[in-house]
Structures are given as C-alpha cells and as structure tokens.
Amino acid sequence: MAGNNLVNWIVKGGRVIGPAPFLVAGVLNVTPDSFFDGGKYHNFEKALDRACLLIKQGAHIIDIGGESTRPFSERVGADTELARVLPVLKKVLEIHPHANVSIDTYKPGIAAECLNSGASIINDVSACCFDPGLLDVVAEFKPGYVLMHSSGDPRTMQIDPRYDDVVGEVKSFFDERLSVLVRSGLPENRIVLDPGIGFGKTLEHNLELMHRIDEFFSLGFPLYLGLSNKSLWGKFLGLEPDCRETATQVALGLMAAKGVGIHRVHDVESTINTLEILKKIWI
C-alpha cells in the first residue's frame, strides 16, 4: 500500500485523532437541498439521531454542513446556516462529549461560533478565499482544517472548468494556500488536503486526480477525499444517486490502497467494512 503511514491528525485543543490506518468522516447535511441527502436530516431530531448512529457505526468524525455546496447551489445567510448547525452540534457533544465534530463552512462567524461551542475541525471548500476573515479564525482557534481545492464557488464551478494539468495545478494551489495558512498562524499539523473531487472538475479531471492521487503525497500532508455518491458516478456509469454506493466503495477502497487516509462518506457502516477488508488483506 502506497503512503503506508498512520494518520495522526491534531485538531483544536491539541487533541489527536489517530494514529490509525484510516479515518472516516460521516456526512451530516442539515440542509433541505444537498445533492444526495437534502432534507433527510433537516429536522433537528432526525439530524441528532443520524449523528448518534454514525458515531455508533464507527465514524471518527461527524462533518455537519448547513449550506449545500452542490453545483449551482445558492448561498444561504449566516443566520440561517448557524440555526441549522449549532443546535445539532451542541446536542451531539452533550450526548457524546468526546466526539470529533467538523463544521463544513467557509464563513468566519459560523466557524468561530461553532469552534467556541466545541467543534474541533473546519472543513472549508473555499481555502479561505471566499472570506479571508476565516484565516483569522483558524489562526486563533487552531482547529483541524480541511484545505480543499475548488475552481470557483458552487454557483459557477461547473461552468466549463479547464486545466492544462489538473494534478499539477491543484498541487500548485495547495502550495500557495498552505503558505498563506501557515504564515497566518495555523500549524501545519492541523492541515489535511482535499483535492476537491467534483468541485470545478469534469469527469475526466476527477478520474485523472484519482488515477494520480499518489502524486499528492510529496506535499507531506494527509489526504482527505470525498467520493461518496458523487455525480461523477452518474456521468461515468449512468447511476442514479441512490445506486452509487457500490461505485463509491470500490473507488474508496482503491484510494485507500493508494494511501488516502481520511474518507468523507454518507454510509459509514459500509466504509468501515471496506476498510477492514483492506487492512486484513492488503496492508
């Protein structure tokens, strides 16, 4: 297995997630319009039940999102987003005080409020580019931080994305943003890298990123990947959203075998099983 190192991710407060061969982040979208599960967990009680189930199934991280980042989605106001995520965050940590909760946001105010309330990770699709004020927040709290590549914002990212060399250009983007983050005061050991599958990429770009995923290990950071039920499986195999789990697990297993350490998924139970099989027969 390439990149055969244990994942050891330091998050807010110096807490360490790991060491482990793989970490699983369970997706919890408390939105009405996310591409796969929009509306399923928009209700507080349903969201809380889902979070507790994901933890029971073995998720190392619960990633809560209050604004859809699917292609062509519209932004929501900070008040709306906070009202969606904060009550769930607080109740999850009341029931599971040692849980690692990630907040999927690019808004500084949301990030600060949630970190103050016990979140330990910020999963940022913007790389602190939509609102540079997020740099101050992550420098102050020093949470775990998912640095993701996207070409444009969700409203525009899928309008004719083009690259001469998608892997080389994503790596250059990471180099530039890593420098900005570290200069701002975020320690390197808080950062993991997400190439942003489906964010400003065509099907061919996404497949190329996965084919050459091992080239990102030269940057020296753990890789975080979200392949779960993405539209690329519809474009590639003609699969409807509720028929993409097998494709997700096959691709996830291949990426894990290449050394990707952190996997963001909707189906935690299947992912834990996939990774257990991989550990038994591959590592």
# chains A, B, ... in the order shown; residues from 1 in each chain; ligands from 1
$ residues_around --residues "A:Leu6" --least-positions-apart "2" --cutoff "10 Å" --atoms "only C-alpha atoms" --output "list in words"
Gly3, Asn4, Asn8, Trp9, Gly18, Pro19, Ala20, Pro21, Phe22, Leu23, Pro222, Gly259 and Gly261 of chain A
$ closest_residue --among "A:Cys52, A:Val88, A:Leu82, A:Val170" --to "A:Ala111" --atoms "only C-alpha atoms"
A:Leu82
$ select_by_dssp --residues "stretch 2-108 of chain A" --states "helix (DSSP H, G or I)" --output "ChimeraX atom specification"
/A:12-14,44-57,78-95,108
$ select_by_dssp --residues "stretch 64-147 of chain A" --states "strand (DSSP E or B)" --output "ChimeraX atom specification"
/A:64-65,101-104,121-124,144-147
$ closest_residue --among "A:Lys90, A:Lys258, A:Arg190, A:His266" --to "A:Leu278" --atoms "only C-alpha atoms"
A:Lys258
